$ cat work.tsv   # TSV, C-alpha atoms and all ligand atoms
chain	number	residue	atom	x	y	z
X	1	MET	CA	116.81	98.42	145.35
X	2	ALA	CA	113.98	96.50	147.02
X	3	LYS	CA	114.29	92.72	146.80
X	4	LEU	CA	111.90	91.45	144.13
X	5	MET	CA	109.40	89.00	145.50
X	6	HIS	CA	107.40	86.45	143.56
X	7	PRO	CA	103.81	87.32	144.42
X	8	PRO	CA	101.58	84.23	144.18
X	9	GLN	CA	99.56	85.68	141.30
X	10	ALA	CA	102.75	86.04	139.21
X	11	GLN	CA	103.21	82.29	138.95
X	12	SER	CA	99.58	81.48	138.19
X	13	ALA	CA	98.97	84.30	135.69
X	14	LYS	CA	99.09	83.37	132.02
X	15	SER	CA	102.04	84.71	130.11
X	16	ILE	CA	101.49	87.62	127.76
X	17	PRO	CA	103.71	87.41	124.66
X	18	ILE	CA	105.56	90.45	123.31
X	19	ALA	CA	104.20	89.73	119.81
X	20	LYS	CA	101.54	87.51	118.35
X	21	PRO	CA	100.46	87.33	114.71
X	22	LEU	CA	96.69	87.18	114.24
X	23	ILE	CA	95.84	84.48	111.71
X	24	SER	CA	92.18	84.33	110.68
X	25	ASP	CA	90.15	81.55	109.05
X	26	GLU	CA	90.16	83.77	105.97
X	27	ASP	CA	93.99	83.69	105.89
X	28	LYS	CA	93.90	79.91	106.25
X	29	ARG	CA	91.32	79.50	103.47
X	30	ALA	CA	93.32	81.78	101.16
X	31	VAL	CA	96.52	79.79	101.74
X	32	MET	CA	94.70	76.43	101.41
X	33	GLU	CA	93.24	77.54	98.08
X	34	VAL	CA	96.75	78.17	96.79
X	35	LEU	CA	97.96	74.80	98.06
X	36	ASP	CA	94.98	73.03	96.49
X	37	SER	CA	95.58	74.78	93.17
X	38	GLY	CA	99.15	73.46	92.91
X	39	MET	CA	100.25	76.91	91.61
X	40	LEU	CA	102.61	77.90	94.39
X	41	VAL	CA	104.57	80.67	92.67
X	42	ALA	CA	104.09	83.37	90.02
X	43	GLY	CA	100.32	83.49	90.34
X	44	ARG	CA	97.73	86.22	90.55
X	45	GLN	CA	97.82	86.25	94.38
X	46	VAL	CA	101.12	88.13	94.45
X	47	ALA	CA	100.01	90.65	91.81
X	48	ASP	CA	96.70	91.16	93.65
X	49	PHE	CA	98.53	91.78	96.93
X	50	GLU	CA	100.93	94.22	95.23
X	51	GLN	CA	98.05	96.22	93.77
X	52	ALA	CA	96.09	96.27	97.00
X	53	PHE	CA	99.15	97.33	99.00
X	54	ALA	CA	100.00	100.13	96.54
X	55	ARG	CA	96.37	101.31	96.69
X	56	TYR	CA	96.37	101.22	100.49
X	57	LEU	CA	99.44	103.47	100.65
X	58	GLY	CA	98.53	105.73	97.76
X	59	ALA	CA	101.64	104.67	95.81
X	60	ARG	CA	101.78	103.96	92.07
X	61	GLU	CA	103.63	100.67	92.19
X	62	ALA	CA	104.44	97.87	94.60
X	63	VAL	CA	106.82	94.94	94.08
X	64	ALA	CA	106.56	91.98	96.45
X	65	THR	CA	109.69	90.20	97.69
X	66	SER	CA	110.76	87.30	99.88
X	67	SER	CA	111.57	89.48	102.94
X	68	GLY	CA	112.04	93.02	104.14
X	69	THR	CA	115.79	92.50	103.90
X	70	SER	CA	115.67	91.50	100.23
X	71	ALA	CA	113.27	94.39	99.57
X	72	LEU	CA	115.78	96.85	101.08
X	73	GLN	CA	118.63	95.48	98.99
X	74	VAL	CA	116.63	95.56	95.76
X	75	ALA	CA	115.19	99.03	96.45
X	76	LEU	CA	118.68	100.45	96.92
X	77	GLU	CA	120.00	98.71	93.80
X	78	ALA	CA	116.97	99.69	91.70
X	79	ALA	CA	117.44	103.30	92.83
X	80	GLY	CA	120.94	103.14	91.35
X	81	ILE	CA	122.88	103.03	94.62
X	82	GLY	CA	126.02	100.95	94.36
X	83	ARG	CA	129.72	100.59	94.85
X	84	GLY	CA	131.31	103.29	96.98
X	85	ASP	CA	128.16	105.38	97.44
X	86	ALA	CA	127.68	106.83	100.91
X	87	VAL	CA	124.24	106.17	102.41
X	88	VAL	CA	123.30	107.99	105.61
X	89	THR	CA	121.31	105.94	108.08
X	90	THR	CA	120.60	105.31	111.76
X	91	PRO	CA	122.67	103.02	114.00
X	92	PHE	CA	119.60	102.35	116.19
X	93	THR	CA	117.74	99.86	113.99
X	94	PHE	CA	117.55	96.20	113.04
X	95	VAL	CA	120.78	95.05	111.41
X	96	ALA	CA	119.13	94.51	107.99
X	97	THR	CA	119.07	98.28	107.40
X	98	GLY	CA	122.86	98.49	107.50
X	99	ASN	CA	123.41	95.11	105.83
X	100	ALA	CA	121.35	96.04	102.77
X	101	ILE	CA	123.58	99.07	102.18
X	102	LEU	CA	126.64	96.79	102.35
X	103	TYR	CA	125.05	94.16	100.05
X	104	VAL	CA	124.91	96.69	97.18
X	105	GLY	CA	128.54	97.69	97.75
X	106	ALA	CA	127.65	101.04	99.28
X	107	ARG	CA	128.96	102.50	102.52
X	108	PRO	CA	126.67	103.10	105.51
X	109	VAL	CA	127.29	106.41	107.27
X	110	PHE	CA	125.67	106.12	110.68
X	111	VAL	CA	124.48	109.27	112.44
X	112	ASP	CA	122.91	109.77	115.85
X	113	VAL	CA	119.19	109.84	116.62
X	114	ASP	CA	116.81	112.31	118.21
X	115	PRO	CA	116.36	111.80	121.98
X	116	ARG	CA	112.57	112.12	121.86
X	117	SER	CA	111.52	110.28	118.70
X	118	TYR	CA	114.49	107.81	118.62
X	119	ASN	CA	114.52	108.39	114.87
X	120	ILE	CA	117.42	109.76	112.86
X	121	ASN	CA	118.38	113.34	113.76
X	122	PRO	CA	117.81	115.58	110.71
X	123	GLN	CA	120.60	118.01	111.61
X	124	ALA	CA	123.06	115.13	111.86
X	125	VAL	CA	121.74	113.82	108.52
X	126	ALA	CA	122.25	117.21	106.85
X	127	ASP	CA	125.84	117.44	108.16
X	128	ALA	CA	126.68	113.88	107.07
X	129	VAL	CA	125.13	114.22	103.59
X	130	GLU	CA	127.22	117.30	102.94
X	131	ARG	CA	130.41	116.00	104.53
X	132	GLU	CA	130.29	112.59	102.79
X	133	HIS	CA	128.63	113.74	99.53
X	134	ALA	CA	126.07	111.03	100.26
X	135	ARG	CA	124.05	109.52	97.41
X	136	ALA	CA	121.13	108.61	99.64
X	137	ILE	CA	119.43	108.77	103.02
X	138	LEU	CA	117.94	105.49	104.29
X	139	CYS	CA	115.63	106.53	107.12
X	140	VAL	CA	113.91	104.07	109.46
X	141	HIS	CA	110.48	104.77	110.98
X	142	LEU	CA	111.39	103.04	114.22
X	143	TYR	CA	108.74	101.27	116.33
X	144	GLY	CA	105.98	102.65	114.02
X	145	LEU	CA	106.68	106.40	114.37
X	146	ALA	CA	107.48	108.31	111.18
X	147	CYS	CA	110.75	110.22	110.90
X	148	ASP	CA	110.62	114.00	110.47
X	149	MET	CA	109.80	113.77	106.76
X	150	ALA	CA	109.57	117.53	106.19
X	151	ALA	CA	113.17	117.96	107.37
X	152	LEU	CA	114.48	114.87	105.56
X	153	GLY	CA	112.59	115.81	102.37
X	154	GLU	CA	114.10	119.28	102.50
X	155	ILE	CA	117.65	117.88	102.90
X	156	ALA	CA	117.12	115.46	100.00
X	157	HIS	CA	115.71	118.23	97.81
X	158	ARG	CA	118.51	120.66	98.65
X	159	THR	CA	121.40	118.20	98.24
X	160	GLY	CA	120.07	115.89	95.54
X	161	ALA	CA	120.41	112.86	97.86
X	162	LEU	CA	117.88	110.09	97.25
X	163	LEU	CA	115.48	109.29	100.07
X	164	ILE	CA	114.61	105.65	100.76
X	165	GLU	CA	112.32	104.73	103.65
X	166	ASP	CA	112.66	101.58	105.76
X	167	CYS	CA	109.03	101.12	106.82
X	168	ALA	CA	109.48	97.56	108.14
X	169	GLN	CA	107.92	98.62	111.46
X	170	ALA	CA	105.47	101.22	110.17
X	171	HIS	CA	102.66	99.82	107.99
X	172	GLY	CA	100.04	102.57	107.88
X	173	ALA	CA	102.04	105.14	109.88
X	174	GLN	CA	101.56	108.71	108.71
X	175	TYR	CA	103.38	112.01	108.68
X	176	ALA	CA	101.25	115.13	107.99
X	177	GLY	CA	98.38	112.94	106.77
X	178	LYS	CA	100.51	110.98	104.28
X	179	LYS	CA	101.46	107.34	104.71
X	180	VAL	CA	105.12	106.47	105.11
X	181	GLY	CA	106.72	104.74	102.16
X	182	THR	CA	105.44	107.39	99.76
X	183	PHE	CA	107.78	110.31	100.57
X	184	GLY	CA	111.00	109.33	98.84
X	185	GLN	CA	112.12	107.33	95.79
X	186	ALA	CA	111.04	104.07	97.44
X	187	GLY	CA	109.58	102.64	100.64
X	188	VAL	CA	110.29	99.17	101.96
X	189	PHE	CA	108.10	96.96	104.16
X	190	SER	CA	108.55	93.65	105.99
X	191	PHE	CA	105.85	91.08	106.71
X	192	TYR	CA	107.78	89.13	109.35
X	193	PRO	CA	105.41	87.72	112.04
X	194	SER	CA	106.13	90.47	114.59
X	195	LYS	CA	105.14	93.24	112.16
X	196	ASN	CA	101.78	95.05	112.00
X	197	MET	CA	100.68	92.50	109.38
X	198	THR	CA	102.39	89.29	108.27
X	199	THR	CA	102.90	86.80	105.48
X	200	GLY	CA	105.34	84.64	107.48
X	201	GLU	CA	108.37	85.92	105.62
X	202	GLY	CA	107.83	88.58	102.99
X	203	GLY	CA	108.53	92.13	101.92
X	204	MET	CA	107.37	94.90	99.61
X	205	ILE	CA	108.95	97.78	97.73
X	206	VAL	CA	106.62	100.69	96.95
X	207	THR	CA	107.43	103.57	94.65
X	208	ASN	CA	105.87	106.26	92.48
X	209	ASP	CA	108.61	105.74	89.89
X	210	PRO	CA	107.58	103.12	87.27
X	211	ALA	CA	111.17	102.74	86.01
X	212	LEU	CA	112.42	101.96	89.53
X	213	ALA	CA	109.56	99.48	89.96
X	214	GLU	CA	110.45	97.76	86.69
X	215	ARG	CA	114.13	97.45	87.66
X	216	ALA	CA	113.06	96.04	91.05
X	217	ARG	CA	110.77	93.48	89.34
X	218	VAL	CA	113.63	92.31	87.13
X	219	LEU	CA	116.09	92.07	90.05
X	220	VAL	CA	113.63	90.13	92.23
X	221	ASN	CA	112.99	87.66	89.40
X	222	VAL	CA	116.61	86.54	88.72
X	223	GLY	CA	117.20	89.41	86.32
X	224	GLN	CA	114.56	88.28	83.83
X	225	ARG	CA	112.35	90.89	82.21
X	226	GLY	CA	108.67	90.13	81.66
X	227	GLY	CA	108.21	87.27	79.20
X	228	ALA	CA	111.89	86.93	78.23
X	229	GLU	CA	112.72	83.26	78.70
X	230	TYR	CA	116.16	82.43	80.07
X	231	LEU	CA	117.53	85.79	78.94
X	232	TYR	CA	118.67	88.05	81.72
X	233	ASP	CA	118.95	91.83	81.78
X	234	ALA	CA	120.66	91.96	85.15
X	235	ILE	CA	122.49	89.78	87.65
X	236	GLY	CA	119.31	89.33	89.62
X	237	TYR	CA	118.19	87.34	92.62
X	238	ASN	CA	115.49	84.86	93.47
X	239	TYR	CA	113.70	87.13	95.92
X	240	ARG	CA	110.15	86.38	94.74
X	241	MET	CA	107.20	86.17	97.10
X	242	THR	CA	105.31	82.84	97.06
X	243	ASN	CA	101.61	82.64	96.20
X	244	MET	CA	100.89	81.42	99.75
X	245	ALA	CA	102.45	84.58	101.16
X	246	GLY	CA	100.70	86.76	98.56
X	247	ALA	CA	97.30	85.25	99.35
X	248	MET	CA	97.83	85.76	103.05
X	249	GLY	CA	99.08	89.32	102.58
X	250	ARG	CA	95.92	90.18	100.68
X	251	THR	CA	93.67	88.99	103.53
X	252	GLN	CA	95.91	90.37	106.29
X	253	LEU	CA	95.85	93.82	104.66
X	254	THR	CA	92.07	94.04	105.10
X	255	HIS	CA	92.66	94.01	108.90
X	256	LEU	CA	95.61	96.38	109.06
X	257	ASP	CA	93.68	99.54	109.96
X	258	SER	CA	91.67	97.87	112.72
X	259	TRP	CA	94.78	96.21	114.12
X	260	ASN	CA	96.60	99.56	114.08
X	261	LYS	CA	93.64	101.07	115.89
X	262	ALA	CA	93.88	98.38	118.58
X	263	ARG	CA	97.61	99.05	118.94
X	264	ARG	CA	96.92	102.77	119.26
X	265	ASP	CA	94.17	102.20	121.84
X	266	HIS	CA	96.45	100.03	123.99
X	267	ALA	CA	99.23	102.60	123.63
X	268	ALA	CA	96.93	105.45	124.65
X	269	ARG	CA	95.99	103.59	127.84
X	270	TYR	CA	99.64	102.92	128.69
X	271	THR	CA	100.73	106.49	128.00
X	272	ALA	CA	97.90	107.99	130.09
X	273	ALA	CA	98.67	105.71	133.05
X	274	PHE	CA	102.46	106.01	132.80
X	275	ALA	CA	102.30	109.82	133.01
X	276	SER	CA	102.20	109.41	136.80
X	277	LEU	CA	105.33	107.22	136.93
X	278	PRO	CA	108.35	109.52	137.20
X	279	TRP	CA	110.87	106.69	136.68
X	280	LEU	CA	109.59	105.71	133.24
X	281	VAL	CA	109.55	107.72	129.98
X	282	PRO	CA	106.71	106.77	127.61
X	283	PRO	CA	106.98	107.13	123.81
X	284	VAL	CA	105.85	110.34	122.08
X	285	GLU	CA	103.45	110.97	119.22
X	286	PRO	CA	104.08	114.60	118.23
X	287	PRO	CA	101.28	116.60	116.54
X	288	GLY	CA	100.94	115.68	112.86
X	289	TYR	CA	102.25	112.15	113.40
X	290	PHE	CA	100.20	108.93	113.32
X	291	HIS	CA	102.10	106.29	115.30
X	292	VAL	CA	101.22	102.65	114.59
X	293	TYR	CA	103.09	101.20	117.60
X	294	ASN	CA	104.77	98.18	116.12
X	295	GLN	CA	106.49	98.47	119.47
X	296	TYR	CA	105.44	100.37	122.57
X	297	THR	CA	108.86	101.28	123.89
X	298	VAL	CA	109.48	103.03	127.18
X	299	ARG	CA	112.73	104.23	128.68
X	300	VAL	CA	113.78	103.27	132.19
X	301	PRO	CA	116.84	105.42	132.88
X	302	GLN	CA	117.54	103.79	136.28
X	303	GLY	CA	117.16	100.08	136.99
X	304	ARG	CA	116.29	98.70	133.57
X	305	ALA	CA	117.78	95.26	134.31
X	306	GLN	CA	115.58	94.95	137.42
X	307	PHE	CA	112.54	96.08	135.45
X	308	LEU	CA	113.18	93.43	132.78
X	309	ASN	CA	113.49	90.71	135.43
X	310	TYR	CA	110.42	91.95	137.22
X	311	LEU	CA	108.32	91.79	134.03
X	312	SER	CA	109.58	88.25	133.37
X	313	GLU	CA	108.65	87.18	136.89
X	314	HIS	CA	105.16	88.47	136.16
X	315	ARG	CA	105.08	86.58	132.87
X	316	ILE	CA	104.84	89.72	130.78
X	317	GLY	CA	106.71	89.54	127.48
X	318	ARG	CA	109.30	92.24	127.05
X	319	ARG	CA	112.22	92.83	124.70
X	320	VAL	CA	115.04	95.26	124.24
X	321	TYR	CA	114.99	96.65	120.71
X	322	TYR	CA	117.96	97.09	120.47
X	323	PRO	CA	120.62	96.33	123.08
X	324	HIS	CA	123.45	97.15	120.63
X	325	LEU	CA	123.89	99.62	117.79
X	326	VAL	CA	124.39	98.17	114.31
X	327	PRO	CA	127.96	99.50	113.87
X	328	GLN	CA	128.93	98.01	117.25
X	329	SER	CA	128.29	94.42	116.16
X	330	PRO	CA	131.50	92.40	115.68
X	331	ALA	CA	130.78	92.07	111.95
X	332	TYR	CA	130.76	95.85	111.59
X	333	GLN	CA	133.72	96.35	113.91
X	334	GLN	CA	135.72	93.96	111.73
X	335	LEU	CA	134.88	96.17	108.75
X	336	GLY	CA	136.37	99.12	110.64
X	337	PHE	CA	133.18	100.89	111.72
X	338	ARG	CA	133.88	103.19	114.65
X	339	GLY	CA	132.14	106.30	115.84
X	340	SER	CA	130.16	107.42	118.80
X	341	TYR	CA	126.43	108.01	118.95
X	342	PRO	CA	125.74	109.26	122.48
X	343	VAL	CA	121.95	109.48	122.22
X	344	ALA	CA	121.53	106.08	120.57
X	345	GLU	CA	124.02	104.49	122.99
X	346	ARG	CA	122.02	105.77	125.93
X	347	LEU	CA	118.84	104.33	124.39
X	348	THR	CA	120.39	100.87	124.11
X	349	ALA	CA	120.82	100.96	127.91
X	350	GLU	CA	117.35	102.31	128.72
X	351	VAL	CA	114.68	101.01	126.30
X	352	VAL	CA	112.14	98.29	127.06
X	353	SER	CA	109.34	97.27	124.68
X	354	LEU	CA	106.07	96.09	126.21
X	355	PRO	CA	103.32	94.01	124.54
X	356	VAL	CA	101.03	96.26	122.45
X	357	HIS	CA	99.82	93.86	119.73
X	358	PRO	CA	96.14	93.64	118.75
X	359	GLY	CA	95.84	90.16	120.29
X	360	LEU	CA	95.89	91.70	123.79
X	361	SER	CA	92.61	91.73	125.67
X	362	SER	CA	91.52	94.64	127.82
X	363	GLU	CA	92.35	92.47	130.88
X	364	ASP	CA	95.86	91.89	129.53
X	365	VAL	CA	96.37	95.65	129.23
X	366	ASN	CA	94.98	96.14	132.76
X	367	ARG	CA	97.36	93.54	134.10
X	368	ILE	CA	100.35	95.13	132.38
X	369	LEU	CA	99.34	98.57	133.73
X	370	ASP	CA	98.97	97.17	137.20
X	371	VAL	CA	102.25	95.25	137.19
X	372	VAL	CA	104.25	98.19	135.80
X	373	ALA	CA	102.74	100.61	138.35
X	374	ARG	CA	103.79	98.30	141.19
X	375	PHE	CA	107.43	97.95	140.12
X	376	PRO	CA	109.22	97.91	143.49
X	377	GLY	CA	112.54	99.02	142.03
X	378	ALA	CA	111.05	102.30	140.81
X	379	ARG	CA	113.41	105.23	141.28
X	380	GLU	CA	112.60	108.88	140.91
U	401	LIG	C1	113.76	98.28	110.68
U	401	LIG	C2	113.81	96.95	109.98
U	401	LIG	N1	114.39	96.88	108.77
U	401	LIG	C3	114.43	95.72	108.08
U	401	LIG	C4	113.88	94.57	108.59
U	401	LIG	C5	114.04	93.30	107.81
U	401	LIG	O1	112.87	92.66	107.50
U	401	LIG	P1	112.82	91.05	107.33
U	401	LIG	O2	112.98	90.46	108.69
U	401	LIG	O3	111.48	90.80	106.73
U	401	LIG	O4	113.93	90.67	106.41
U	401	LIG	C6	113.24	94.61	109.83
U	401	LIG	C7	112.55	93.45	110.45
U	401	LIG	O5	112.84	92.41	110.69
U	401	LIG	C8	113.22	95.83	110.56
U	401	LIG	O6	112.63	95.91	111.76
$ encode --input "work.tsv" --output "structure tokens" --more "lines below"
Ligand SMILES: Cc1ncc(COP(=O)(O)O)c(C=O)c1O
Amino acid sequence: MAKLMHPPQAQSAKSIPIAKPLISDEDKRAVMEVLDSGMLVAGRQVADFEQAFARYLGAREAVATSSGTSALQVALEAAGIGRGDAVVTTPFTFVATGNAILYVGARPVFVDVDPRSYNINPQAVADAVEREHARAILCVHLYGLACDMAALGEIAHRTGALLIEDCAQAHGAQYAGKKVGTFGQAGVFSFYPSKNMTTGEGGMIVTNDPALAERARVLVNVGQRGGAEYLYDAIGYNYRMTNMAGAMGRTQLTHLDSWNKARRDHAARYTAAFASLPWLVPPVEPPGYFHVYNQYTVRVPQGRAQFLNYLSEHRIGRRVYYPHLVPQSPAYQQLGFRGSYPVAERLTAEVVSLPVHPGLSSEDVNRILDVVARFPGARE
């Protein structure tokens, strides 16, 4: 391995962050209006955002929540998943996917992922659903690429398992011309600042099932139905979205398509240039898929640690999503989770996400291309 030098330009160059929310004057005005009104919760802003988001996806209903995590929990509970139910999911995801299954008293059944898409492997899902008599599949459209929804839809149809989509990283992503979040019983989104659009903290459940939407609304609002005052139909939660978040979501949503286009343009430049680098594996966008690149994640099978250091020296933001599998966290180990996931385990040792957010200038992308191409530790 060549010794990594600090070229003079590395110290003087500005740093490029891995993620950066774009906040417009319109967002600020919308939030200020709410603050000035004094109506901080339960206002029209949240309902407006819900309707606009449902319309954007082509879903019947949307229910806003306080976070993607609370949205996952409520979606599972509103779909009727509870104590003892097996839910098949991926180990290569953010921990909230697994946690939400545990919150409702259900049992996550982790299965390995596909080596090209990094999403859950449909054959492994089919085997696990049958073996465990699973009630549901909770698929995750990782990094902004849809799962194989034809295969997962077929498994759900054949076995009767429910299909819930974790779309926290995939606002606007499509499979066969249809937006993710609309394939199964419910889709769940996060509006955390690193996502394709943000409300600070926030989440959304979308569904075509009005009864599921109604149960979700009750659960999010402490178990209270509609106008019923201090009478509760369920042991609910306070998982409501604030009016500030709702107002911001409404204005952010108007930019989502153009931001996704910018992400896709940056990604296309990376992928074209990286084709000539034999030591790096770029992400795929198979035919029929519309990737929205919440992350642009490459694999570096040899020398990842050096590559991470090298990017840092050049002040280029980079992250490993994820260095550990969910069931390998101590909290899961203490609950007795074991199992081996060879493909996902290999990914934890090889993946590196590079900046791809819409705040990047063309010069930023050029600099990233240039720095990556000159990685001295490159191995064939
Ligand atoms: C795949 C996935 N699921 C769930 C979540 C949870 O969302 P939140 O952070 O809004 O609770 C996130 C993001 O943070 C995520 O990336």
$ residues_around --input "work.tsv" --residues "region 347-358 of chain X" --least-positions-apart "6" --cutoff "8 Å" --atoms "only C-alpha atoms" --output "PyMOL selection string"
chain X and resi 16-20+22+259-260+262-263+266-267+293-302+304+308+316-325
$ residues_near_ligand --input "work.tsv" --ligand "ligand LIG 401 (chain U)" --cutoff "6 Å" --atoms "only C-alpha atoms and all ligand atoms" --output "VMD selection string"
chain X and resid 67 to 69 93 to 94 96 to 97 140 166 168 to 169 190 to 192 201 to 203
$ residues_around --input "work.tsv" --residues "Glu26 (chain X)" --least-positions-apart "2" --cutoff "10 Å" --atoms "all atoms listed in the file" --output "PyMOL selection string"
chain X and resi 23-24+28-32+247-248+251-252
$ residues_near_point --input "work.tsv" --point "(124.0, 116.3, 107.0)" --cutoff "10 Å" --atoms "all atoms listed in the file" --output "short mmCIF file (atom, residue, chain, number, x, y, z; two decimals) with C-alpha atoms, keeping the file's coordinate frame"
data_model
loop_
_atom_site.label_atom_id
_atom_site.label_comp_id
_atom_site.auth_asym_id
_atom_site.auth_seq_id
_atom_site.Cartn_x
_atom_site.Cartn_y
_atom_site.Cartn_z
CA VAL X 88 123.30 107.99 105.61
CA VAL X 111 124.48 109.27 112.44
CA ASN X 121 118.38 113.34 113.76
CA PRO X 122 117.81 115.58 110.71
CA GLN X 123 120.60 118.01 111.61
CA ALA X 124 123.06 115.13 111.86
CA VAL X 125 121.74 113.82 108.52
CA ALA X 126 122.25 117.21 106.85
CA ASP X 127 125.84 117.44 108.16
CA ALA X 128 126.68 113.88 107.07
CA VAL X 129 125.13 114.22 103.59
CA GLU X 130 127.22 117.30 102.94
CA ARG X 131 130.41 116.00 104.53
CA GLU X 132 130.29 112.59 102.79
CA HIS X 133 128.63 113.74 99.53
CA ALA X 134 126.07 111.03 100.26
CA ILE X 137 119.43 108.77 103.02
CA LEU X 152 114.48 114.87 105.56
CA ILE X 155 117.65 117.88 102.90
CA ALA X 156 117.12 115.46 100.00
CA THR X 159 121.40 118.20 98.24
#
$ atom_distance --input "work.tsv" --atom1 "CA of Pro286 (chain X)" --atom2 "CA of Asn196 (chain X)"
20.6 Å
$ atom_distance --input "work.tsv" --atom1 "CA of Tyr289 (chain X)" --atom2 "CA of Tyr175 (chain X)"
4.9 Å
$ atom_distance --input "work.tsv" --atom1 "CA of Gly339 (chain X)" --atom2 "CA of Val180 (chain X)"
29.1 Å
$ closest_residue --input "work.tsv" --among "X:Val222, X:Gly200, X:Gly144, X:Ala59" --to "Ala245 (chain X)" --atoms "all atoms listed in the file"
X:Gly200
$ closest_residue --input "work.tsv" --among "X:Val188, X:Val281, X:Leu335, X:Leu72" --to "Arg107 (chain X)" --atoms "all atoms listed in the file"
X:Leu335
$ closest_residue --input "work.tsv" --among "X:Leu231, X:Ala161, X:Gln185, X:Asp114" --to "Glu345 (chain X)" --atoms "all atoms listed in the file"
X:Asp114
$ residues_around --input "work.tsv" --residues "Val343 (chain X)" --least-positions-apart "3" --cutoff "7 Å" --atoms "only C-alpha atoms" --output "JSON, numbers by chain"
{"X": [112, 113, 115, 346, 347]}
$ closest_residue --input "work.tsv" --among "X:Ala272, X:Ala79, X:Ala136, X:Met149" --to "Lys178 (chain X)" --atoms "all atoms listed in the file"
X:Met149
$ closest_residue --input "work.tsv" --among "X:Ala228, X:Ala186, X:Met241, X:Ala100" --to "Leu40 (chain X)" --atoms "only C-alpha atoms"
X:Met241
$ closest_residue --input "work.tsv" --among "X:Pro287, X:Pro327, X:Gly184, X:Pro193" --to "Leu162 (chain X)" --atoms "all atoms listed in the file"
X:Gly184
$ decode --input "work.tsv" --residues "region 316-320 of chain X" --atoms "all heavy atoms" --output "PDB file, in the first residue's frame"
ATOM      1  N   ILE X 316     -13.340  15.186   1.938  1.00  0.00           N
ATOM      2  CA  ILE X 316     -14.571  14.736   1.273  1.00  0.00           C
ATOM      3  C   ILE X 316     -15.354  13.873   2.264  1.00  0.00           C
ATOM      4  O   ILE X 316     -14.831  12.866   2.760  1.00  0.00           O
ATOM      5  CB  ILE X 316     -14.231  13.960  -0.018  1.00  0.00           C
ATOM      6  CG1 ILE X 316     -13.655  14.961  -1.029  1.00  0.00           C
ATOM      7  CG2 ILE X 316     -15.458  13.245  -0.579  1.00  0.00           C
ATOM      8  CD1 ILE X 316     -13.115  14.354  -2.268  1.00  0.00           C
ATOM      9  N   GLY X 317     -16.583  14.299   2.540  1.00  0.00           N
ATOM     10  CA  GLY X 317     -17.424  13.575   3.491  1.00  0.00           C
ATOM     11  C   GLY X 317     -17.664  12.161   2.997  1.00  0.00           C
ATOM     12  O   GLY X 317     -17.844  11.935   1.801  1.00  0.00           O
ATOM     13  N   ARG X 318     -17.616  11.234   3.896  1.00  0.00           N
ATOM     14  CA  ARG X 318     -17.888   9.842   3.533  1.00  0.00           C
ATOM     15  C   ARG X 318     -18.388   9.141   4.768  1.00  0.00           C
ATOM     16  O   ARG X 318     -18.019   9.494   5.884  1.00  0.00           O
ATOM     17  CB  ARG X 318     -16.671   9.163   2.914  1.00  0.00           C
ATOM     18  CG  ARG X 318     -15.670   8.596   3.906  1.00  0.00           C
ATOM     19  CD  ARG X 318     -14.917   9.644   4.678  1.00  0.00           C
ATOM     20  NE  ARG X 318     -13.946   9.148   5.610  1.00  0.00           N
ATOM     21  CZ  ARG X 318     -14.179   8.571   6.768  1.00  0.00           C
ATOM     22  NH1 ARG X 318     -15.405   8.381   7.169  1.00  0.00           N
ATOM     23  NH2 ARG X 318     -13.197   8.158   7.530  1.00  0.00           N
ATOM     24  N   ARG X 319     -19.271   8.141   4.583  1.00  0.00           N
ATOM     25  CA  ARG X 319     -19.787   7.383   5.726  1.00  0.00           C
ATOM     26  C   ARG X 319     -19.905   5.921   5.340  1.00  0.00           C
ATOM     27  O   ARG X 319     -19.991   5.592   4.149  1.00  0.00           O
ATOM     28  CB  ARG X 319     -21.194   7.871   6.117  1.00  0.00           C
ATOM     29  CG  ARG X 319     -21.232   9.239   6.759  1.00  0.00           C
ATOM     30  CD  ARG X 319     -20.574   9.294   8.125  1.00  0.00           C
ATOM     31  NE  ARG X 319     -21.359   8.621   9.153  1.00  0.00           N
ATOM     32  CZ  ARG X 319     -22.252   9.223   9.909  1.00  0.00           C
ATOM     33  NH1 ARG X 319     -22.507  10.516   9.767  1.00  0.00           N
ATOM     34  NH2 ARG X 319     -22.915   8.553  10.832  1.00  0.00           N
ATOM     35  N   VAL X 320     -19.925   5.095   6.357  1.00  0.00           N
ATOM     36  CA  VAL X 320     -20.191   3.675   6.122  1.00  0.00           C
ATOM     37  C   VAL X 320     -21.603   3.389   6.629  1.00  0.00           C
ATOM     38  O   VAL X 320     -21.861   3.430   7.828  1.00  0.00           O
ATOM     39  CB  VAL X 320     -19.166   2.780   6.858  1.00  0.00           C
ATOM     40  CG1 VAL X 320     -19.565   1.309   6.739  1.00  0.00           C
ATOM     41  CG2 VAL X 320     -17.774   3.012   6.266  1.00  0.00           C
TER      42      VAL X 320
END
